[in-house]
Structures are given as structure tokens and as C-alpha cells.
$ cat coords39.csv   # CSV, C-alpha atoms
chain,number,residue,atom,x,y,z
A,1,MET,CA,-68.4,-90.9,22.0
A,2,LYS,CA,-68.1,-90.8,25.8
A,3,PHE,CA,-66.8,-87.4,27.0
A,4,ALA,CA,-65.3,-86.5,30.4
A,5,LEU,CA,-65.1,-82.7,31.1
A,6,GLN,CA,-62.9,-80.9,33.5
A,7,VAL,CA,-63.9,-77.3,34.4
A,8,GLN,CA,-61.1,-75.2,35.9
A,9,GLY,CA,-62.5,-71.6,35.7
A,10,SER,CA,-64.5,-69.9,38.4
A,11,PRO,CA,-68.0,-68.9,37.1
A,12,PRO,CA,-68.0,-65.2,37.7
A,13,ASP,CA,-64.4,-64.7,36.5
A,14,SER,CA,-64.2,-67.1,33.6
A,15,MET,CA,-66.3,-68.5,30.8
A,16,ALA,CA,-65.2,-72.0,31.6
A,17,ALA,CA,-68.3,-73.4,33.2
A,18,GLN,CA,-70.6,-71.7,30.6
A,19,THR,CA,-68.6,-72.9,27.7
A,20,ALA,CA,-68.4,-76.4,29.1
A,21,LEU,CA,-72.2,-76.4,29.6
A,22,GLU,CA,-72.7,-75.4,26.0
A,23,PHE,CA,-70.2,-78.1,24.9
A,24,ALA,CA,-72.0,-80.7,27.0
A,25,GLU,CA,-75.4,-79.7,25.5
A,26,ALA,CA,-74.1,-79.8,22.0
A,27,ALA,CA,-72.4,-83.2,22.5
A,28,LEU,CA,-75.5,-84.7,24.1
A,29,ALA,CA,-77.7,-83.3,21.2
A,30,ALA,CA,-75.3,-84.9,18.7
A,31,GLY,CA,-75.8,-88.3,20.4
A,32,HIS,CA,-72.7,-88.5,22.5
A,33,SER,CA,-72.7,-89.1,26.3
A,34,ILE,CA,-71.0,-87.4,29.3
A,35,TYR,CA,-69.2,-89.8,31.7
A,36,ARG,CA,-68.5,-87.2,34.4
A,37,VAL,CA,-67.9,-83.5,34.8
A,38,PHE,CA,-65.1,-82.7,37.2
A,39,PHE,CA,-64.8,-79.3,38.7
A,40,TYR,CA,-61.3,-78.4,39.8
A,41,LEU,CA,-59.2,-75.2,40.7
A,42,GLY,CA,-61.6,-72.2,40.7
A,43,GLY,CA,-64.2,-74.3,38.9
A,44,VAL,CA,-65.3,-75.7,42.2
A,45,THR,CA,-67.0,-72.4,43.1
A,46,LEU,CA,-69.8,-73.3,40.7
A,47,ALA,CA,-71.1,-75.6,43.5
A,48,ASN,CA,-71.1,-72.8,46.1
A,49,GLU,CA,-74.7,-72.6,47.4
A,50,LEU,CA,-74.0,-69.3,49.3
A,51,ALA,CA,-73.4,-67.5,46.0
A,52,VAL,CA,-76.3,-65.2,45.1
A,53,VAL,CA,-77.1,-65.0,41.4
A,54,PRO,CA,-78.7,-61.7,40.4
A,55,GLN,CA,-82.3,-62.1,39.2
A,56,ASP,CA,-81.5,-61.1,35.6
A,57,GLU,CA,-78.6,-63.5,35.3
A,58,THR,CA,-78.6,-67.3,34.6
A,59,ASP,CA,-78.1,-69.7,37.6
A,60,LEU,CA,-75.4,-71.6,35.9
A,61,ALA,CA,-75.2,-74.2,38.7
A,62,ALA,CA,-78.9,-74.9,38.3
A,63,ALA,CA,-78.5,-75.3,34.5
A,64,TRP,CA,-75.7,-77.9,35.2
A,65,LEU,CA,-77.8,-79.7,37.8
A,66,GLN,CA,-80.8,-80.0,35.4
A,67,LEU,CA,-78.6,-81.3,32.5
A,68,ALA,CA,-76.9,-83.8,34.8
A,69,GLU,CA,-80.2,-85.1,36.1
A,70,VAL,CA,-81.8,-85.4,32.7
A,71,HIS,CA,-78.8,-87.2,31.2
A,72,GLY,CA,-77.7,-89.1,34.3
A,73,PHE,CA,-74.1,-88.0,34.7
A,74,GLU,CA,-72.1,-87.0,37.8
A,75,LEU,CA,-71.1,-83.4,38.8
A,76,ALA,CA,-68.0,-84.0,40.8
A,77,VAL,CA,-66.1,-81.4,42.8
A,78,CYS,CA,-62.6,-81.9,44.1
A,79,VAL,CA,-62.6,-81.9,47.9
A,80,ALA,CA,-59.1,-80.4,48.3
A,81,ALA,CA,-59.6,-77.7,45.8
A,82,GLY,CA,-63.0,-77.0,47.4
A,83,GLN,CA,-61.7,-76.7,50.9
A,84,ARG,CA,-59.1,-74.1,49.8
A,85,ARG,CA,-61.9,-72.1,48.3
A,86,GLY,CA,-64.5,-72.4,51.1
A,87,LEU,CA,-66.6,-75.0,49.4
A,88,LEU,CA,-67.6,-77.4,52.2
A,89,ALA,CA,-70.1,-80.2,52.4
A,90,GLU,CA,-71.5,-81.1,55.9
A,91,ALA,CA,-68.6,-83.6,56.5
A,92,GLU,CA,-65.9,-81.0,55.9
A,93,GLN,CA,-67.8,-78.3,57.8
A,94,ALA,CA,-67.9,-80.6,60.9
A,95,ARG,CA,-64.3,-81.8,60.4
A,96,TYR,CA,-62.8,-78.3,60.3
A,97,ASP,CA,-65.3,-76.7,62.6
A,98,LYS,CA,-66.5,-74.1,60.1
A,99,PRO,CA,-69.6,-71.9,60.6
A,100,ALA,CA,-71.3,-72.9,57.4
A,101,ARG,CA,-71.8,-75.6,54.8
A,102,SER,CA,-71.6,-74.2,51.3
A,103,ALA,CA,-71.7,-77.1,48.9
A,104,ARG,CA,-75.0,-77.3,46.9
A,105,ALA,CA,-76.9,-80.6,46.9
A,106,GLY,CA,-76.5,-82.5,43.6
A,107,PHE,CA,-72.7,-82.0,43.5
A,108,SER,CA,-70.5,-84.9,44.7
A,109,ILE,CA,-67.5,-83.9,46.8
A,110,VAL,CA,-64.8,-86.4,45.7
A,111,GLY,CA,-61.1,-86.9,45.5
A,112,LEU,CA,-58.8,-86.4,42.5
A,113,GLY,CA,-58.9,-90.2,41.8
A,114,GLN,CA,-62.3,-89.5,40.2
A,115,LEU,CA,-60.7,-87.1,37.7
A,116,ILE,CA,-58.1,-89.8,36.8
A,117,ASP,CA,-60.9,-92.4,36.5
A,118,ALA,CA,-62.9,-90.0,34.2
A,119,ALA,CA,-59.8,-89.4,32.1
A,120,VAL,CA,-59.0,-93.0,31.5
A,121,SER,CA,-62.7,-94.3,31.3
A,122,ALA,CA,-64.0,-91.7,28.8
A,123,ASP,CA,-63.0,-91.7,25.1
A,124,ARG,CA,-62.0,-88.0,25.4
A,125,LEU,CA,-61.2,-85.7,28.3
A,126,VAL,CA,-61.9,-82.0,27.5
A,127,THR,CA,-60.5,-79.4,29.8
A,128,PHE,CA,-62.0,-75.9,30.1
A,129,PRO,CA,-59.2,-73.8,31.7
A,130,ALA,CA,-59.6,-70.7,33.8
B,1,MET,CA,-55.0,-112.6,25.8
B,2,PRO,CA,-52.4,-110.2,27.2
B,3,ALA,CA,-53.8,-107.3,29.3
B,4,LEU,CA,-53.9,-104.0,27.6
B,5,PRO,CA,-51.2,-101.5,28.7
B,6,PRO,CA,-52.7,-98.8,31.0
B,7,PRO,CA,-53.6,-95.6,29.1
B,8,SER,CA,-50.9,-93.0,29.2
B,9,ILE,CA,-51.7,-89.4,30.3
B,10,LEU,CA,-49.8,-86.5,28.8
B,11,PHE,CA,-49.9,-83.3,30.9
B,12,LEU,CA,-49.5,-80.2,28.8
B,13,LEU,CA,-48.1,-77.5,31.0
B,14,ARG,CA,-48.3,-74.0,29.6
B,15,LYS,CA,-48.8,-71.7,32.6
B,16,PRO,CA,-46.1,-70.0,34.7
B,17,PRO,CA,-45.2,-71.5,38.1
B,18,TYR,CA,-46.8,-68.8,40.4
B,19,ALA,CA,-50.1,-68.1,38.7
B,20,GLY,CA,-51.9,-68.6,42.0
B,21,LEU,CA,-51.7,-72.3,43.0
B,22,LEU,CA,-52.4,-73.5,39.5
B,23,ALA,CA,-49.0,-75.3,39.0
B,24,ALA,CA,-49.2,-76.9,42.5
B,25,GLU,CA,-52.7,-78.1,42.0
B,26,GLN,CA,-51.9,-79.5,38.6
B,27,LEU,CA,-49.0,-81.3,40.2
B,28,ASP,CA,-51.5,-82.9,42.6
B,29,ILE,CA,-53.3,-84.5,39.6
B,30,MET,CA,-50.0,-85.9,38.4
B,31,LEU,CA,-49.1,-87.4,41.8
B,32,VAL,CA,-52.5,-89.1,42.0
B,33,ALA,CA,-52.1,-90.5,38.4
B,34,ALA,CA,-48.7,-91.7,39.4
B,35,ALA,CA,-50.1,-93.3,42.5
B,36,TYR,CA,-52.5,-95.3,40.3
B,37,GLU,CA,-49.3,-96.4,38.4
B,38,LEU,CA,-50.5,-94.9,35.2
B,39,PRO,CA,-47.7,-94.0,32.8
B,40,ILE,CA,-47.6,-90.2,32.6
B,41,ALA,CA,-45.6,-87.7,30.6
B,42,LEU,CA,-45.1,-84.0,31.0
B,43,LEU,CA,-44.7,-81.5,28.1
B,44,PHE,CA,-43.7,-78.0,29.1
B,45,ARG,CA,-44.5,-75.3,26.6
B,46,ASP,CA,-44.9,-71.5,26.5
B,47,ALA,CA,-44.6,-70.0,30.0
B,48,GLY,CA,-44.8,-73.5,31.5
B,49,ILE,CA,-41.1,-73.7,30.9
B,50,TRP,CA,-40.5,-71.5,33.9
B,51,GLN,CA,-42.0,-74.1,36.2
B,52,LEU,CA,-38.7,-76.0,35.6
B,53,ALA,CA,-36.4,-73.1,36.4
B,54,ARG,CA,-34.0,-74.3,39.1
B,55,GLU,CA,-33.7,-71.0,41.0
B,56,GLN,CA,-37.1,-70.1,42.3
B,57,GLN,CA,-37.5,-67.8,45.3
B,58,ALA,CA,-40.9,-69.2,46.2
B,59,HIS,CA,-40.6,-68.0,49.8
B,60,ALA,CA,-41.0,-64.5,48.5
B,61,ARG,CA,-44.5,-65.6,47.5
B,62,ALA,CA,-45.1,-67.6,50.7
B,63,GLN,CA,-45.5,-70.7,48.6
B,64,LYS,CA,-43.7,-73.9,48.2
B,65,SER,CA,-41.2,-74.0,45.3
B,66,VAL,CA,-42.8,-75.5,42.2
B,67,ALA,CA,-39.4,-76.6,41.0
B,68,LYS,CA,-38.8,-78.5,44.3
B,69,GLN,CA,-42.1,-80.2,44.0
B,70,LEU,CA,-41.5,-81.2,40.4
B,71,SER,CA,-38.1,-82.6,41.5
B,72,ALA,CA,-40.0,-85.3,43.4
B,73,LEU,CA,-41.5,-86.7,40.3
B,74,PRO,CA,-38.7,-89.2,39.5
B,75,MET,CA,-39.4,-90.8,42.9
B,76,TYR,CA,-42.8,-91.7,41.6
B,77,ASP,CA,-41.2,-93.2,38.4
B,78,VAL,CA,-42.2,-90.1,36.4
B,79,THR,CA,-39.3,-89.6,34.0
B,80,ALA,CA,-40.9,-88.8,30.7
B,81,LEU,CA,-40.3,-85.0,30.8
B,82,TYR,CA,-40.3,-83.0,27.7
B,83,VAL,CA,-39.9,-79.3,26.8
B,84,ASP,CA,-40.8,-77.4,23.7
B,85,GLN,CA,-37.6,-76.4,21.8
B,86,GLU,CA,-38.9,-73.0,20.9
B,87,ALA,CA,-40.2,-72.1,24.4
B,88,LEU,CA,-36.9,-73.2,25.9
B,89,SER,CA,-35.0,-71.1,23.4
B,90,HIS,CA,-37.2,-68.0,24.0
B,91,SER,CA,-36.8,-68.3,27.8
B,92,GLY,CA,-33.0,-68.0,27.6
B,93,LEU,CA,-32.8,-71.0,30.0
B,94,GLY,CA,-30.3,-73.8,29.2
B,95,PRO,CA,-30.6,-77.4,30.3
B,96,ASP,CA,-28.4,-76.6,33.3
B,97,ASP,CA,-30.8,-74.0,34.5
B,98,LEU,CA,-33.6,-76.6,34.9
B,99,CYS,CA,-34.4,-78.6,38.0
B,100,LEU,CA,-34.9,-81.9,36.1
B,101,PRO,CA,-33.3,-83.7,33.1
B,102,VAL,CA,-35.6,-83.1,30.2
B,103,LYS,CA,-35.8,-84.1,26.5
B,104,ILE,CA,-36.1,-81.2,24.1
B,105,LEU,CA,-38.7,-81.8,21.4
B,106,ASN,CA,-39.2,-80.1,18.0
B,107,PRO,CA,-42.8,-79.6,16.8
B,108,ALA,CA,-42.9,-82.9,14.8
B,109,GLU,CA,-41.8,-84.8,17.9
B,110,GLN,CA,-44.5,-83.0,20.0
B,111,ARG,CA,-47.1,-84.0,17.5
B,112,ALA,CA,-46.1,-87.6,17.8
B,113,LEU,CA,-46.1,-87.4,21.6
B,114,LEU,CA,-49.6,-85.9,21.6
B,115,ALA,CA,-50.9,-88.5,19.0
B,116,GLY,CA,-49.4,-91.4,21.0
B,117,SER,CA,-51.0,-90.4,24.4
B,118,ALA,CA,-54.4,-91.9,25.3
B,119,VAL,CA,-55.3,-88.8,27.4
B,120,VAL,CA,-54.1,-85.2,27.2
B,121,MET,CA,-54.6,-83.1,30.3
B,122,ASN,CA,-54.0,-79.4,29.5
B,123,ASP,CA,-53.9,-76.4,31.9
$ encode --input "coords39.csv" --output "C-alpha cells"
Amino acid sequence: MKFALQVQGSPPDSMAAQTALEFAEAALAAGHSIYRVFFYLGGVTLANELAVVPQDETDLAAAWLQLAEVHGFELAVCVAAGQRRGLLAEAEQARYDKPARSARAGFSIVGLGQLIDAAVSADRLVTFPA
Amino acid sequence: MPALPPPSILFLLRKPPYAGLLAAEQLDIMLVAAAYELPIALLFRDAGIWQLAREQQAHARAQKSVAKQLSALPMYDVTALYVDQEALSHSGLGPDDLCLPVKILNPAEQRALLAGSAVVMND
């Protein structure tokens, strides 16, 4: 089965990104595939490169990036939700004249159309709320 | 061979209207889906019922009224609006207190709606 995942919870304040990662790993191990993972609402902050992960904690974003690379699926971040939360790629940094870029390489900054595409293209959409 | 009908998306709305911008950002998803001309339906349950309450003093929260934003949905041909019978009854709201005409569904009807939707998007 082809899964699309939507992650809505912010990593330090919610288990959403962690639970979704475990779901994705289990689904892939069982022979399913991941079409796309879409980060929305507070979930976009997973892609914030300016966040500092303490040494004795897991870098959840790195774990996602590794899984996505190995299995060839996209980590998509909503551009509008990201802007509200200070998650900017170079294009948005320049457009809004902000002092820093914060989006981590490997995450695609996209529009909500990519969530709708994922929802209708995958066999199942699974949402991990905040 | 006739083209397959576009897949329908059911939005399951269970959160209150002013839990941060959650309701407003969920509405953004609905508007994009409607712009793609996908058939969408909304089912309000639990505290999600309060998103439909007509009288919302959103200015007190320095936000746009969720009810006002939801009221725009019929302009996008979104008219499949459903509420959970039990949640409506617990809220004390009557149909006249809501910002949109809705159909009240019992649990069996909600099961059928969920089963008949290609995609369920919950909050």
C-alpha cells in the first residue's frame, strides 16, 4: 500500500513527528511505500535548521532525512505554515528581507496543493495531529 | 470508458475554533481542495461543533472569525456539511445558532459517510 503522511505536531511539543517516523519505518519494513510526508501547522518546525538538538537527544530531522533518502520519498513543508513560524528557505528570506534562512536542506518548501496531491494519489493518508 | 469521478475528501473537524490558528489553517486545506474542484465534505464532531457557532467575538482574539471564513465555503460549491448529533446536543446549540445550514448525522450515518469517502483528513 502507498501511504501519504501528514505531520501536524511540533517536534519538541508533540510526539507527532516521532510517531509518524515510527509508522513510516514500520510501514516500509512491512513492504509498503511512502508517497510523500507533508509537514503542516507546527509540524513544519521539524525542518528548522536553527534548532539545536542536545547531544543526548535524537536529531529527529536527521532521522527523517535519512529514511527519505534511503526510500526515495519527499519531505514536503508547507510554505505558508512555515512562514508563519519562521521557517524560511533562501527564496522566502530574500522576498521578506529576513536576517536568516532557517529551512534545512533536504526538505522541499511547497504549497498546499502538494498535500491535496498526496491525499488523492496515495492509497491512504494518515494524519499525525499536534 | 467513462472517467472515474474525482476522489472525495472528508474533513473531520474535532478541534475548537480558536486553538491557535488550527481551524483557519485547516480551512486553507479545504479551500485548496475546492480550488482543485475535488468534492469535499465536512463533518464537525466534539469541540469542532463550536467552529460553526454564529456568534464569535473573534476580534477579542485578534483573529478573523472562523464562522465567517466557513461561511464562504458555499461560494466554492462546498455544501456537504455535517454535524454529529451527539456533539450538537451536548453543545446546547440549535440549528439556528450555526453559521451554515448543516445536516445532522447519527453514528450509523457518520460511519457510512466515512466509509464512502476516498480520503479522510482529520485534525
$ atom_distance --input "coords39.csv" --atom1 "CA of Asn48 in chain A" --atom2 "CA of Gln66 in chain A"
16.1 Å
$ residues_around --input "coords39.csv" --residues "Gln85 in chain B" --least-positions-apart "4" --cutoff "9 Å" --atoms "all atoms listed in the file" --output "list in words"
Arg45, Ser89, His90, Ile104, Leu105, Asn106 and Pro107 of chain B
$ interface_residues --input "coords39.csv" --of "chain B" --to "chain A" --cutoff "12 Å" --atoms "only C-alpha atoms" --output "PyMOL selection string"
chain B and resi 5-15+19-40+117-123
$ atom_distance --input "coords39.csv" --atom1 "CA of Gln110 in chain B" --atom2 "CA of Glu86 in chain B"
11.5 Å
$ atom_distance --input "coords39.csv" --atom1 "CA of Gly43 in chain A" --atom2 "CA of Ala61 in chain A"
11.0 Å
$ residues_around --input "coords39.csv" --residues "range 82-88 of chain A" --least-positions-apart "5" --cutoff "7 Å" --atoms "only C-alpha atoms" --output "list of chain:residue names"
A:Val44, A:Thr45, A:Asn48, A:Gln93, A:Arg101, A:Ser102, A:Ala103
$ closest_residue --input "coords39.csv" --among "A:Val77, A:Ala118, A:Met15, A:Ala47" --to "Ala62 in chain A" --atoms "all atoms listed in the file"
A:Ala47
$ residues_around --input "coords39.csv" --residues "range 58-71 of chain B" --least-positions-apart "2" --cutoff "9 Å" --atoms "only C-alpha atoms" --output "list in words"
Pro17, Tyr18, Leu21, Ala23, Ala24, Leu27, Trp50, Gln51, Leu52, Ala53, Arg54, Glu55, Gln56, Leu73, Pro74, Met75, Leu98, Cys99 and Leu100 of chain B
$ closest_residue --input "coords39.csv" --among "A:Ala89, A:Leu75, A:Leu46, A:Ala100" --to "Asp13 in chain A" --atoms "all atoms listed in the file"
A:Leu46
$ closest_residue --input "coords39.csv" --among "A:Ala91, A:Tyr35, A:Arg104, A:Glu49" --to "Phe73 in chain A" --atoms "all atoms listed in the file"
A:Tyr35
$ closest_residue --input "coords39.csv" --among "B:Asp84, B:Asp77, B:Asp96, B:Asp46" --to "Leu113 in chain B" --atoms "all atoms listed in the file"
B:Asp84
$ residues_around --input "coords39.csv" --residues "Leu65 in chain A" --least-positions-apart "2" --cutoff "12 Å" --atoms "all atoms listed in the file" --output "ChimeraX atom specification"
/A:21,37,46-47,59-63,67-76,104-108
$ decode --input "coords39.csv" --residues "range 58-98 of chain B" --atoms "N, CA and C atoms" --output "compact mmCIF listing (two decimals), in the first residue's frame"
# COMPACT_ATOMS: atom_id res chain seq x y z
N ALA B 58 -14.39 37.10 17.48
CA ALA B 58 -13.01 36.79 17.11
C ALA B 58 -12.09 38.00 17.32
N HIS B 59 -12.65 39.20 17.22
CA HIS B 59 -11.81 40.40 17.38
C HIS B 59 -11.16 40.43 18.76
N ALA B 60 -11.83 39.78 19.75
CA ALA B 60 -11.26 39.73 21.09
C ALA B 60 -9.97 38.92 21.10
N ARG B 61 -9.81 38.06 20.10
CA ARG B 61 -8.60 37.24 19.99
C ARG B 61 -7.68 37.76 18.89
N ALA B 62 -8.00 38.92 18.35
CA ALA B 62 -7.22 39.49 17.25
C ALA B 62 -7.08 38.49 16.11
N GLN B 63 -8.16 37.77 15.84
CA GLN B 63 -8.17 36.81 14.73
C GLN B 63 -9.39 37.07 13.88
N LYS B 64 -9.37 36.48 12.68
CA LYS B 64 -10.56 36.52 11.84
C LYS B 64 -11.56 35.50 12.37
N SER B 65 -12.84 35.78 12.23
CA SER B 65 -13.87 34.87 12.71
C SER B 65 -13.86 33.58 11.89
N VAL B 66 -13.74 32.46 12.58
CA VAL B 66 -13.75 31.17 11.90
C VAL B 66 -15.11 30.93 11.24
N ALA B 67 -16.19 31.33 11.95
CA ALA B 67 -17.53 31.15 11.38
C ALA B 67 -17.67 31.94 10.08
N LYS B 68 -17.13 33.15 10.08
CA LYS B 68 -17.22 33.98 8.86
C LYS B 68 -16.45 33.32 7.71
N GLN B 69 -15.28 32.78 8.03
CA GLN B 69 -14.49 32.13 6.98
C GLN B 69 -15.19 30.87 6.47
N LEU B 70 -15.79 30.11 7.40
CA LEU B 70 -16.52 28.90 6.98
C LEU B 70 -17.71 29.27 6.11
N SER B 71 -18.30 30.44 6.40
CA SER B 71 -19.49 30.86 5.65
C SER B 71 -19.20 31.07 4.18
N ALA B 72 -17.90 31.19 3.82
CA ALA B 72 -17.53 31.38 2.41
C ALA B 72 -17.56 30.07 1.64
N LEU B 73 -17.61 28.93 2.34
CA LEU B 73 -17.48 27.64 1.65
C LEU B 73 -18.53 27.40 0.56
N PRO B 74 -19.81 27.75 0.79
CA PRO B 74 -20.79 27.52 -0.29
C PRO B 74 -20.43 28.24 -1.59
N MET B 75 -19.68 29.36 -1.49
CA MET B 75 -19.24 30.06 -2.72
C MET B 75 -18.28 29.20 -3.53
N TYR B 76 -17.61 28.25 -2.84
CA TYR B 76 -16.70 27.33 -3.52
C TYR B 76 -17.40 25.99 -3.81
N ASP B 77 -18.72 26.02 -3.80
CA ASP B 77 -19.52 24.82 -4.05
C ASP B 77 -19.33 23.74 -3.00
N VAL B 78 -18.92 24.14 -1.81
CA VAL B 78 -18.82 23.18 -0.71
C VAL B 78 -20.12 23.27 0.09
N THR B 79 -20.95 22.27 -0.07
CA THR B 79 -22.25 22.32 0.61
C THR B 79 -22.53 21.05 1.42
N ALA B 80 -21.60 20.09 1.35
CA ALA B 80 -21.78 18.85 2.12
C ALA B 80 -21.26 19.07 3.53
N LEU B 81 -22.12 19.59 4.38
CA LEU B 81 -21.71 19.98 5.74
C LEU B 81 -22.52 19.17 6.74
N TYR B 82 -21.82 18.45 7.60
CA TYR B 82 -22.48 17.54 8.52
C TYR B 82 -22.03 17.79 9.95
N VAL B 83 -22.95 17.56 10.89
CA VAL B 83 -22.56 17.64 12.31
C VAL B 83 -23.00 16.36 13.02
N ASP B 84 -22.22 16.01 14.02
CA ASP B 84 -22.53 14.86 14.86
C ASP B 84 -23.69 15.23 15.79
N GLN B 85 -24.71 14.39 15.74
CA GLN B 85 -25.92 14.61 16.53
C GLN B 85 -25.60 14.80 18.01
N GLU B 86 -24.74 13.95 18.56
CA GLU B 86 -24.45 13.97 19.98
C GLU B 86 -23.67 15.24 20.36
N ALA B 87 -22.69 15.61 19.53
CA ALA B 87 -21.90 16.81 19.83
C ALA B 87 -22.79 18.05 19.79
N LEU B 88 -23.69 18.09 18.83
CA LEU B 88 -24.60 19.24 18.73
C LEU B 88 -25.48 19.31 19.97
N SER B 89 -25.99 18.17 20.36
CA SER B 89 -26.87 18.11 21.51
C SER B 89 -26.13 18.52 22.78
N HIS B 90 -24.89 18.05 22.96
CA HIS B 90 -24.10 18.42 24.15
C HIS B 90 -23.75 19.90 24.17
N SER B 91 -23.59 20.50 22.98
CA SER B 91 -23.18 21.91 22.92
C SER B 91 -24.30 22.85 23.35
N GLY B 92 -25.52 22.38 23.25
CA GLY B 92 -26.64 23.26 23.55
C GLY B 92 -26.99 24.18 22.39
N LEU B 93 -26.26 24.07 21.30
CA LEU B 93 -26.53 24.89 20.12
C LEU B 93 -27.67 24.27 19.32
N GLY B 94 -28.50 25.13 18.76
CA GLY B 94 -29.54 24.65 17.85
C GLY B 94 -29.16 25.01 16.43
N PRO B 95 -29.85 24.45 15.43
CA PRO B 95 -29.53 24.76 14.03
C PRO B 95 -29.50 26.26 13.74
N ASP B 96 -30.34 27.05 14.45
CA ASP B 96 -30.36 28.49 14.20
C ASP B 96 -29.14 29.22 14.75
N ASP B 97 -28.40 28.55 15.64
CA ASP B 97 -27.20 29.17 16.22
C ASP B 97 -25.98 28.95 15.34
N LEU B 98 -26.14 28.19 14.24
CA LEU B 98 -24.99 27.85 13.40
C LEU B 98 -24.91 28.79 12.20
